[in-house]
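Contents: one structure, followed by commentary.
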Amino acid sequence: MENVIIIGSGPAGLTAAIYLSRSGLRPLMITGEKPGGQLVNTDLIENYPGFISIKGADLMVNMLAQAENLKTKVIYESVKNVSKSDIHFEISLCSGEFLRAKSLLVATGVTHKKLCIPGEEKFTNKGVSWCATCDGPLYKGKEVAVVGGGNTAVMEALFLSKLAKKVYLIHRRSSLRAEKIMQERLQLNENIECVWNSEVVEILGEDRVNNIKIKKSNEACCMDMDVSGVFIAIGTNPSSDFLKDIVPFDNEGYILANGTKTECPGIFAAGDIVSSSLKQAIYAAGQGALAARCIEEFLSIR
Ligand SMILES: Cc1cc2nc3c(=O)[nH]c(=O)nc-3n(C[C@H](O)[C@H](O)[C@H](O)COP(=O)(O)OP(=O)(O)OC[C@H]3O[C@@H](n4cnc5c(N)ncnc54)[C@H](O)[C@@H]3O)c2cc1C
């Protein structure tokens, strides 16, 4: 029986592992398919305190090494299902193995929805991005496209409008889903042009993106648009399916938590998987540290 199993190895899970290991609780971490989490695929991070800039993969390799150095046990596997009894949680892994723990930290983050069009995979991190806060400064003075029509897409477009020469907001409908106040801010911004009833059907370039193909609904042919960057903001998918019926979710599938405590005693959550959390690494790391403290308290009175 483990004291605590951490599910997920992004900044939230790894920070919790570092704190729990230093408290002598010898946590066991299950990495999932993406050891290190979303940042592993990010080129340069310029907003993580302590580093003027660092490659996402380097930051996460260092965090993982730090946790292992402190004797966190690491299993390179994914969780398939979680069940609970009065005294413990049972975790089944995709390999078919079972584990038991007195407490759980869920730090499984999100996966960003993809357009699933030609060029998207090829130009990921070479002009295709899912994070304007992170990658926007690379497009100073250039023309970029944002794809989507919700709050995130509008927020990304507004952020980019301060840096880019021109921002095209491409949406497949004739009106936005974003809140009214966001739409008003958008209308006042002369640097953003909305391209309505349109879908991006292909992303093109050589080493990096330099062009996209757009298809208007009700039109047979496509038009070309020269842009250096494409920011995809069509939503995220929380990685929470394996916890169905155990902890409450919001209507998008994010875990509802009070701080890091879920409604189920012994299950804690941290990072992007938590409803309404700021989807940034430093916040995920902070929540990981807080979750470690709450888990320590939970185990001490159990
Ligand atoms: C392209 C891009 C660039 C970004 N750039 C920045 C930036 O510059 N600065 C910044 O602060 N933030 C940035 N972000 C946001 C940042 O990556 C996230 O906020 C942060 O990674 C969230 O950390 P997390 O630990 O909550 O989850 P994640 O990093 O998403 O990690 C989730 C972990 O859970 C694991 N997992 C998932 N399902 C299972 C399962 N069933 N079983 C076991 N494990 C599982 C995964 O393998 C992964 O290890 C960027 C995001 C993207 C996509």
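How things are named: the first chain in the structure tokens is A, the next is B, and so on; residues count from 1 in each chain; ligands count from 1 in the order shown.
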Give me, as a Markdown table, each residue of chain A that comes within 6 Å of ligand 1, together with its shortest interatomic pair and the distance in Å at one decimal, counting only C-alpha atoms and all ligand atoms, with rows ordered by chain and rising residue number.
| residue | atom | partner | partner_atom_place_in_ligand_line | distance |
| --- | --- | --- | --- | --- |
| A:Ile7 | CA | ligand 1 | 43 (C) | 4.9 |
| A:Gly8 | CA | ligand 1 | 34 (O) | 3.3 |
| A:Ser9 | CA | ligand 1 | 49 (O) | 3.7 |
| A:Gly10 | CA | ligand 1 | 25 (O) | 3.4 |
| A:Pro11 | CA | ligand 1 | 25 (O) | 4.1 |
| A:Ala12 | CA | ligand 1 | 25 (O) | 3.7 |
| A:Gly13 | CA | ligand 1 | 25 (O) | 5.4 |
| A:Ile30 | CA | ligand 1 | 43 (C) | 5.3 |
| A:Thr31 | CA | ligand 1 | 44 (N) | 4.8 |
| A:Gly32 | CA | ligand 1 | 44 (N) | 3.1 |
| A:Glu33 | CA | ligand 1 | 47 (O) | 4.3 |
| A:Lys34 | CA | ligand 1 | 47 (O) | 3.5 |
| A:Pro35 | CA | ligand 1 | 49 (O) | 4.5 |
| A:Gly36 | CA | ligand 1 | 49 (O) | 4.9 |
| A:Gly37 | CA | ligand 1 | 29 (O) | 3.5 |
| A:Gln38 | CA | ligand 1 | 29 (O) | 4.0 |
| A:Leu39 | CA | ligand 1 | 17 (O) | 4.4 |
| A:Thr42 | CA | ligand 1 | 3 (C) | 4.8 |
| A:Ile45 | CA | ligand 1 | 8 (O) | 4.0 |
| A:Glu46 | CA | ligand 1 | 8 (O) | 6.0 |
| A:Asn47 | CA | ligand 1 | 9 (N) | 5.6 |
| A:Ser78 | CA | ligand 1 | 42 (N) | 3.6 |
| A:Val79 | CA | ligand 1 | 42 (N) | 3.8 |
| A:Lys80 | CA | ligand 1 | 41 (N) | 5.9 |
| A:Ala107 | CA | ligand 1 | 26 (O) | 5.4 |
| A:Thr108 | CA | ligand 1 | 34 (O) | 3.2 |
| A:Gly109 | CA | ligand 1 | 30 (O) | 3.5 |
| A:Val110 | CA | ligand 1 | 30 (O) | 4.9 |
| A:Ser129 | CA | ligand 1 | 1 (C) | 5.5 |
| A:Trp130 | CA | ligand 1 | 1 (C) | 5.0 |
| A:Cys131 | CA | ligand 1 | 2 (C) | 5.1 |
| A:Cys134 | CA | ligand 1 | 8 (O) | 3.7 |
| A:Ser239 | CA | ligand 1 | 38 (N) | 5.1 |
| A:Gly271 | CA | ligand 1 | 26 (O) | 3.3 |
| A:Asp272 | CA | ligand 1 | 26 (O) | 3.9 |
| A:Ile273 | CA | ligand 1 | 26 (O) | 5.9 |
| A:Lys279 | CA | ligand 1 | 19 (O) | 4.0 |
| A:Gln280 | CA | ligand 1 | 19 (O) | 3.3 |
| A:Ala281 | CA | ligand 1 | 11 (O) | 3.7 |
| A:Ile282 | CA | ligand 1 | 11 (O) | 5.4 |
| A:Ala284 | CA | ligand 1 | 26 (O) | 5.0 |
Which residues, written as a PyMOL selection string, have at least one atom at most 6 Å from stretch 193-205 of chain A, with only C-alpha atoms counted and residues fewer than 4 positions away on the same chain left out?
-> chain A and resi 117-119+168-174+209-217
Polymer residues at most 12 Å from A:Cys294, only C-alpha atoms, same-chain spacing of 6 or more positions, as a PDB file with all heavy atoms, in the first residue's frame:
ATOM      1  N   VAL A   4       0.961   7.658  -1.043  1.00  0.00           N
ATOM      2  CA  VAL A   4       0.348   8.565  -2.018  1.00  0.00           C
ATOM      3  C   VAL A   4       0.822   8.202  -3.419  1.00  0.00           C
ATOM      4  O   VAL A   4       2.005   7.961  -3.636  1.00  0.00           O
ATOM      5  CB  VAL A   4       0.634  10.046  -1.674  1.00  0.00           C
ATOM      6  CG1 VAL A   4       2.091  10.325  -1.401  1.00  0.00           C
ATOM      7  CG2 VAL A   4       0.154  10.978  -2.797  1.00  0.00           C
ATOM      8  N   ALA A  16       4.691  18.422  -6.602  1.00  0.00           N
ATOM      9  CA  ALA A  16       4.149  17.685  -5.450  1.00  0.00           C
ATOM     10  C   ALA A  16       5.102  16.556  -5.064  1.00  0.00           C
ATOM     11  O   ALA A  16       5.363  16.318  -3.869  1.00  0.00           O
ATOM     12  CB  ALA A  16       2.770  17.132  -5.792  1.00  0.00           C
ATOM     13  N   TYR A  19       8.047  17.927  -3.046  1.00  0.00           N
ATOM     14  CA  TYR A  19       7.661  18.279  -1.669  1.00  0.00           C
ATOM     15  C   TYR A  19       7.359  17.034  -0.834  1.00  0.00           C
ATOM     16  O   TYR A  19       7.773  16.929   0.308  1.00  0.00           O
ATOM     17  CB  TYR A  19       6.441  19.226  -1.683  1.00  0.00           C
ATOM     18  CG  TYR A  19       6.828  20.673  -1.892  1.00  0.00           C
ATOM     19  CD1 TYR A  19       7.270  21.125  -3.119  1.00  0.00           C
ATOM     20  CD2 TYR A  19       6.770  21.586  -0.836  1.00  0.00           C
ATOM     21  CE1 TYR A  19       7.638  22.453  -3.321  1.00  0.00           C
ATOM     22  CE2 TYR A  19       7.135  22.914  -1.019  1.00  0.00           C
ATOM     23  CZ  TYR A  19       7.570  23.338  -2.264  1.00  0.00           C
ATOM     24  OH  TYR A  19       7.934  24.645  -2.450  1.00  0.00           O
ATOM     25  N   LEU A  20       6.622  16.082  -1.414  1.00  0.00           N
ATOM     26  CA  LEU A  20       6.250  14.881  -0.651  1.00  0.00           C
ATOM     27  C   LEU A  20       7.479  14.028  -0.351  1.00  0.00           C
ATOM     28  O   LEU A  20       7.589  13.426   0.723  1.00  0.00           O
ATOM     29  CB  LEU A  20       5.202  14.070  -1.428  1.00  0.00           C
ATOM     30  CG  LEU A  20       3.804  14.717  -1.479  1.00  0.00           C
ATOM     31  CD1 LEU A  20       2.956  14.092  -2.579  1.00  0.00           C
ATOM     32  CD2 LEU A  20       3.097  14.577  -0.126  1.00  0.00           C
ATOM     33  N   SER A 103      -3.808   7.727  -0.453  1.00  0.00           N
ATOM     34  CA  SER A 103      -4.259   9.013  -1.014  1.00  0.00           C
ATOM     35  C   SER A 103      -3.789   9.132  -2.463  1.00  0.00           C
ATOM     36  O   SER A 103      -2.854   8.442  -2.883  1.00  0.00           O
ATOM     37  CB  SER A 103      -3.710  10.174  -0.177  1.00  0.00           C
ATOM     38  OG  SER A 103      -2.301  10.179  -0.242  1.00  0.00           O
ATOM     39  N   LEU A 104      -4.441  10.026  -3.200  1.00  0.00           N
ATOM     40  CA  LEU A 104      -4.127  10.218  -4.623  1.00  0.00           C
ATOM     41  C   LEU A 104      -4.006  11.695  -4.947  1.00  0.00           C
ATOM     42  O   LEU A 104      -4.787  12.505  -4.445  1.00  0.00           O
ATOM     43  CB  LEU A 104      -5.282   9.705  -5.498  1.00  0.00           C
ATOM     44  CG  LEU A 104      -5.542   8.228  -5.626  1.00  0.00           C
ATOM     45  CD1 LEU A 104      -6.687   8.021  -6.617  1.00  0.00           C
ATOM     46  CD2 LEU A 104      -4.296   7.508  -6.107  1.00  0.00           C
ATOM     47  N   LEU A 105      -3.043  12.020  -5.792  1.00  0.00           N
ATOM     48  CA  LEU A 105      -3.015  13.366  -6.373  1.00  0.00           C
ATOM     49  C   LEU A 105      -3.221  13.226  -7.870  1.00  0.00           C
ATOM     50  O   LEU A 105      -2.454  12.542  -8.554  1.00  0.00           O
ATOM     51  CB  LEU A 105      -1.680  14.074  -6.103  1.00  0.00           C
ATOM     52  CG  LEU A 105      -1.549  15.407  -6.851  1.00  0.00           C
ATOM     53  CD1 LEU A 105      -2.638  16.391  -6.434  1.00  0.00           C
ATOM     54  CD2 LEU A 105      -0.179  16.030  -6.624  1.00  0.00           C
ATOM     55  N   ASN A 258     -11.819  22.362  -3.929  1.00  0.00           N
ATOM     56  CA  ASN A 258     -11.711  23.514  -3.037  1.00  0.00           C
ATOM     57  C   ASN A 258     -10.216  23.668  -2.752  1.00  0.00           C
ATOM     58  O   ASN A 258      -9.664  22.900  -1.974  1.00  0.00           O
ATOM     59  CB  ASN A 258     -12.531  23.215  -1.773  1.00  0.00           C
ATOM     60  CG  ASN A 258     -12.447  24.338  -0.780  1.00  0.00           C
ATOM     61  OD1 ASN A 258     -11.896  25.399  -1.083  1.00  0.00           O
ATOM     62  ND2 ASN A 258     -12.986  24.114   0.414  1.00  0.00           N
ATOM     63  N   GLY A 259      -9.572  24.593  -3.408  1.00  0.00           N
ATOM     64  CA  GLY A 259      -8.098  24.620  -3.379  1.00  0.00           C
ATOM     65  C   GLY A 259      -7.621  23.418  -4.173  1.00  0.00           C
ATOM     66  O   GLY A 259      -7.830  23.345  -5.380  1.00  0.00           O
ATOM     67  N   THR A 260      -7.039  22.457  -3.463  1.00  0.00           N
ATOM     68  CA  THR A 260      -6.640  21.209  -4.148  1.00  0.00           C
ATOM     69  C   THR A 260      -7.426  20.010  -3.630  1.00  0.00           C
ATOM     70  O   THR A 260      -7.189  18.884  -4.068  1.00  0.00           O
ATOM     71  CB  THR A 260      -5.125  20.950  -3.957  1.00  0.00           C
ATOM     72  OG1 THR A 260      -4.875  20.802  -2.561  1.00  0.00           O
ATOM     73  CG2 THR A 260      -4.285  22.086  -4.505  1.00  0.00           C
ATOM     74  N   LYS A 261      -8.375  20.250  -2.702  1.00  0.00           N
ATOM     75  CA  LYS A 261      -9.142  19.131  -2.125  1.00  0.00           C
ATOM     76  C   LYS A 261     -10.385  18.870  -2.952  1.00  0.00           C
ATOM     77  O   LYS A 261     -11.176  19.787  -3.188  1.00  0.00           O
ATOM     78  CB  LYS A 261      -9.565  19.451  -0.690  1.00  0.00           C
ATOM     79  CG  LYS A 261      -8.410  19.524   0.274  1.00  0.00           C
ATOM     80  CD  LYS A 261      -8.882  19.932   1.660  1.00  0.00           C
ATOM     81  CE  LYS A 261      -7.673  20.237   2.527  1.00  0.00           C
ATOM     82  NZ  LYS A 261      -7.976  20.942   3.747  1.00  0.00           N
ATOM     83  N   THR A 262     -10.584  17.632  -3.364  1.00  0.00           N
ATOM     84  CA  THR A 262     -11.820  17.292  -4.072  1.00  0.00           C
ATOM     85  C   THR A 262     -12.868  16.901  -3.033  1.00  0.00           C
ATOM     86  O   THR A 262     -12.568  16.801  -1.841  1.00  0.00           O
ATOM     87  CB  THR A 262     -11.619  16.115  -5.043  1.00  0.00           C
ATOM     88  OG1 THR A 262     -11.451  14.922  -4.280  1.00  0.00           O
ATOM     89  CG2 THR A 262     -10.417  16.343  -5.951  1.00  0.00           C
ATOM     90  N   PRO A 265     -12.692  12.498   0.112  1.00  0.00           N
ATOM     91  CA  PRO A 265     -11.550  12.579   1.024  1.00  0.00           C
ATOM     92  C   PRO A 265     -10.409  11.672   0.548  1.00  0.00           C
ATOM     93  O   PRO A 265     -10.635  10.508   0.219  1.00  0.00           O
ATOM     94  CB  PRO A 265     -12.121  12.083   2.359  1.00  0.00           C
ATOM     95  CG  PRO A 265     -13.598  12.277   2.236  1.00  0.00           C
ATOM     96  CD  PRO A 265     -13.928  12.081   0.775  1.00  0.00           C
ATOM     97  N   GLY A 266      -9.215  12.230   0.493  1.00  0.00           N
ATOM     98  CA  GLY A 266      -8.052  11.434   0.069  1.00  0.00           C
ATOM     99  C   GLY A 266      -7.668  11.648  -1.383  1.00  0.00           C
ATOM    100  O   GLY A 266      -6.583  11.282  -1.802  1.00  0.00           O
ATOM    101  N   ILE A 267      -8.591  12.247  -2.180  1.00  0.00           N
ATOM    102  CA  ILE A 267      -8.225  12.554  -3.578  1.00  0.00           C
ATOM    103  C   ILE A 267      -8.020  14.060  -3.710  1.00  0.00           C
ATOM    104  O   ILE A 267      -8.910  14.854  -3.384  1.00  0.00           O
ATOM    105  CB  ILE A 267      -9.286  12.074  -4.592  1.00  0.00           C
ATOM    106  CG1 ILE A 267      -9.480  10.569  -4.490  1.00  0.00           C
ATOM    107  CG2 ILE A 267      -8.849  12.452  -6.015  1.00  0.00           C
ATOM    108  CD1 ILE A 267     -10.324   9.957  -5.600  1.00  0.00           C
ATOM    109  N   PHE A 268      -6.839  14.425  -4.187  1.00  0.00           N
ATOM    110  CA  PHE A 268      -6.471  15.826  -4.368  1.00  0.00           C
ATOM    111  C   PHE A 268      -6.209  16.070  -5.855  1.00  0.00           C
ATOM    112  O   PHE A 268      -5.933  15.123  -6.605  1.00  0.00           O
ATOM    113  CB  PHE A 268      -5.225  16.133  -3.522  1.00  0.00           C
ATOM    114  CG  PHE A 268      -5.466  15.907  -2.056  1.00  0.00           C
ATOM    115  CD1 PHE A 268      -5.381  14.617  -1.515  1.00  0.00           C
ATOM    116  CD2 PHE A 268      -5.820  16.958  -1.218  1.00  0.00           C
ATOM    117  CE1 PHE A 268      -5.640  14.387  -0.166  1.00  0.00           C
ATOM    118  CE2 PHE A 268      -6.077  16.731   0.128  1.00  0.00           C
ATOM    119  CZ  PHE A 268      -5.990  15.448   0.651  1.00  0.00           C
ATOM    120  N   ALA A 269      -6.319  17.315  -6.263  1.00  0.00           N
ATOM    121  CA  ALA A 269      -6.103  17.630  -7.683  1.00  0.00           C
ATOM    122  C   ALA A 269      -5.291  18.909  -7.788  1.00  0.00           C
ATOM    123  O   ALA A 269      -5.413  19.807  -6.953  1.00  0.00           O
ATOM    124  CB  ALA A 269      -7.444  17.801  -8.392  1.00  0.00           C
ATOM    125  N   ALA A 270      -4.446  18.988  -8.810  1.00  0.00           N
ATOM    126  CA  ALA A 270      -3.605  20.182  -8.999  1.00  0.00           C
ATOM    127  C   ALA A 270      -3.316  20.402 -10.473  1.00  0.00           C
ATOM    128  O   ALA A 270      -3.258  19.456 -11.255  1.00  0.00           O
ATOM    129  CB  ALA A 270      -2.285  20.002  -8.231  1.00  0.00           C
ATOM    130  N   GLN A 287       0.204  24.867  -7.221  1.00  0.00           N
ATOM    131  CA  GLN A 287      -0.865  23.977  -6.739  1.00  0.00           C
ATOM    132  C   GLN A 287      -0.302  22.620  -6.316  1.00  0.00           C
ATOM    133  O   GLN A 287      -0.804  21.992  -5.389  1.00  0.00           O
ATOM    134  CB  GLN A 287      -1.910  23.784  -7.833  1.00  0.00           C
ATOM    135  CG  GLN A 287      -2.898  24.940  -7.906  1.00  0.00           C
ATOM    136  CD  GLN A 287      -4.192  24.524  -8.567  1.00  0.00           C
ATOM    137  OE1 GLN A 287      -4.178  23.762  -9.542  1.00  0.00           O
ATOM    138  NE2 GLN A 287      -5.294  25.018  -8.073  1.00  0.00           N
ATOM    139  N   GLY A 288       0.732  22.167  -7.013  1.00  0.00           N
ATOM    140  CA  GLY A 288       1.382  20.898  -6.631  1.00  0.00           C
ATOM    141  C   GLY A 288       1.956  20.994  -5.226  1.00  0.00           C
ATOM    142  O   GLY A 288       1.814  20.070  -4.414  1.00  0.00           O
ATOM    143  N   SER A 300      -1.527  12.455   8.092  1.00  0.00           N
ATOM    144  CA  SER A 300      -1.150  12.523   9.509  1.00  0.00           C
ATOM    145  C   SER A 300      -2.340  12.296  10.435  1.00  0.00           C
ATOM    146  O   SER A 300      -2.166  11.871  11.572  1.00  0.00           O
ATOM    147  CB  SER A 300      -0.482  13.863   9.817  1.00  0.00           C
ATOM    148  OG  SER A 300      -1.455  14.880   9.755  1.00  0.00           O
ATOM    149  N   ILE A 301      -3.559  12.570   9.970  1.00  0.00           N
ATOM    150  CA  ILE A 301      -4.729  12.368  10.849  1.00  0.00           C
ATOM    151  C   ILE A 301      -5.516  11.120  10.468  1.00  0.00           C
ATOM    152  O   ILE A 301      -6.541  10.815  11.053  1.00  0.00           O
ATOM    153  CB  ILE A 301      -5.679  13.591  10.830  1.00  0.00           C
ATOM    154  CG1 ILE A 301      -6.085  13.929   9.388  1.00  0.00           C
ATOM    155  CG2 ILE A 301      -5.050  14.795  11.513  1.00  0.00           C
ATOM    156  CD1 ILE A 301      -7.213  14.922   9.287  1.00  0.00           C
TER     157      ILE A 301
END
Which residues in stretch 83-210 of chain A does DSSP call strand (DSSP E)? List them as an NGL selection string.
-> :A and (83-84 or 89-93 or 98-106 or 110-112 or 128-129 or 143-147 or 166-170 or 192-195 or 198-205 or 209-210)
Using DSSP on the backbone coordinates, identify all residues within stretch 19-266 of chain A classified as alpha helix (DSSP H); present the result as an mmCIF file with C-alpha atoms, in the first residue's frame.
data_model
loop_
_atom_site.group_PDB
_atom_site.id
_atom_site.type_symbol
_atom_site.label_atom_id
_atom_site.label_comp_id
_atom_site.auth_asym_id
_atom_site.auth_seq_id
_atom_site.Cartn_x
_atom_site.Cartn_y
_atom_site.Cartn_z
ATOM 1 C CA TYR A 19 7.661 18.279 -1.669
ATOM 2 C CA LEU A 20 6.250 14.881 -0.651
ATOM 3 C CA SER A 21 9.649 13.215 -1.049
ATOM 4 C CA ARG A 22 11.294 15.856 1.130
ATOM 5 C CA GLY A 56 10.463 23.319 -22.018
ATOM 6 C CA ALA A 57 12.017 19.877 -22.327
ATOM 7 C CA ASP A 58 15.095 20.945 -20.284
ATOM 8 C CA LEU A 59 12.927 22.368 -17.497
ATOM 9 C CA MET A 60 10.896 19.187 -17.256
ATOM 10 C CA VAL A 61 13.907 16.836 -17.485
ATOM 11 C CA ASN A 62 15.424 18.797 -14.580
ATOM 12 C CA MET A 63 12.203 18.570 -12.533
ATOM 13 C CA LEU A 64 11.982 14.830 -13.135
ATOM 14 C CA ALA A 65 15.648 14.340 -12.178
ATOM 15 C CA GLN A 66 15.094 16.433 -9.035
ATOM 16 C CA ALA A 67 12.114 14.284 -7.991
ATOM 17 C CA GLU A 68 13.971 11.017 -8.705
ATOM 18 C CA ASN A 69 17.047 12.297 -6.869
ATOM 19 C CA ALA A 132 -0.214 32.837 -27.279
ATOM 20 C CA THR A 133 1.071 33.841 -23.824
ATOM 21 C CA CYS A 134 3.946 31.433 -24.307
ATOM 22 C CA ASP A 135 4.815 31.772 -27.986
ATOM 23 C CA ASN A 151 -13.220 33.289 -24.912
ATOM 24 C CA THR A 152 -9.817 31.648 -25.266
ATOM 25 C CA ALA A 153 -9.581 32.505 -28.964
ATOM 26 C CA VAL A 154 -10.537 36.141 -28.311
ATOM 27 C CA MET A 155 -8.113 36.376 -25.382
ATOM 28 C CA GLU A 156 -5.337 34.929 -27.552
ATOM 29 C CA ALA A 157 -6.155 37.406 -30.353
ATOM 30 C CA LEU A 158 -6.177 40.382 -27.953
ATOM 31 C CA PHE A 159 -2.860 39.308 -26.454
ATOM 32 C CA LEU A 160 -1.265 38.824 -29.879
ATOM 33 C CA SER A 161 -2.593 42.167 -31.161
ATOM 34 C CA LYS A 180 -20.038 40.049 -24.699
ATOM 35 C CA ILE A 181 -17.360 42.068 -22.925
ATOM 36 C CA MET A 182 -14.670 40.151 -24.789
ATOM 37 C CA GLN A 183 -16.429 40.766 -28.089
ATOM 38 C CA GLU A 184 -16.601 44.490 -27.331
ATOM 39 C CA ARG A 185 -12.861 44.611 -26.633
ATOM 40 C CA LEU A 186 -12.272 42.797 -29.894
ATOM 41 C CA GLN A 187 -14.372 45.259 -31.891
ATOM 42 C CA LEU A 188 -12.410 48.195 -30.487
#
Best match for closeness to A:Val247 among A:Ala178, A:Val82, A:Ile91, A:Val74, counting only C-alpha atoms | A:Val82
Leaving out A:Lys166 and any residue of its chain fewer than 3 positions from it, which residues lie within 7 Å of it when counting only C-alpha atoms, given as a VMD selection string?
-> chain A and resid 142 to 144 161 191 to 192
Nearest to A:Leu14, restricted to only C-alpha atoms and choosing among A:Cys94, A:Met225, A:Ala291, A:Val146, comes out as A:Ala291
Spatial neighbours of stretch 96-100 of chain A, 9 Å, only C-alpha atoms, chain gap at least 4 places, as a ChimeraX atom specification | /A:1-5,80,88-92
Mind checking which residues fall within 10 Å of A:Glu252, counting only C-alpha atoms, ignoring those fewer than 3 positions away in the same chain, and posting them as a list in words?
-> Thr236, Asn237, Pro238, Phe249, Ile255 and Ser275 of chain A
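The space between atom CA of A:Asp207 and atom CA of A:Glu121 spans 12.9 Å.
Distance-wise, atom CA of A:Lys55 and atom CA of A:Val128 end up 16.9 Å apart.
For the pair atom CA of A:Arg302 and atom CA of A:Ile87, the separation is 9.8 Å.
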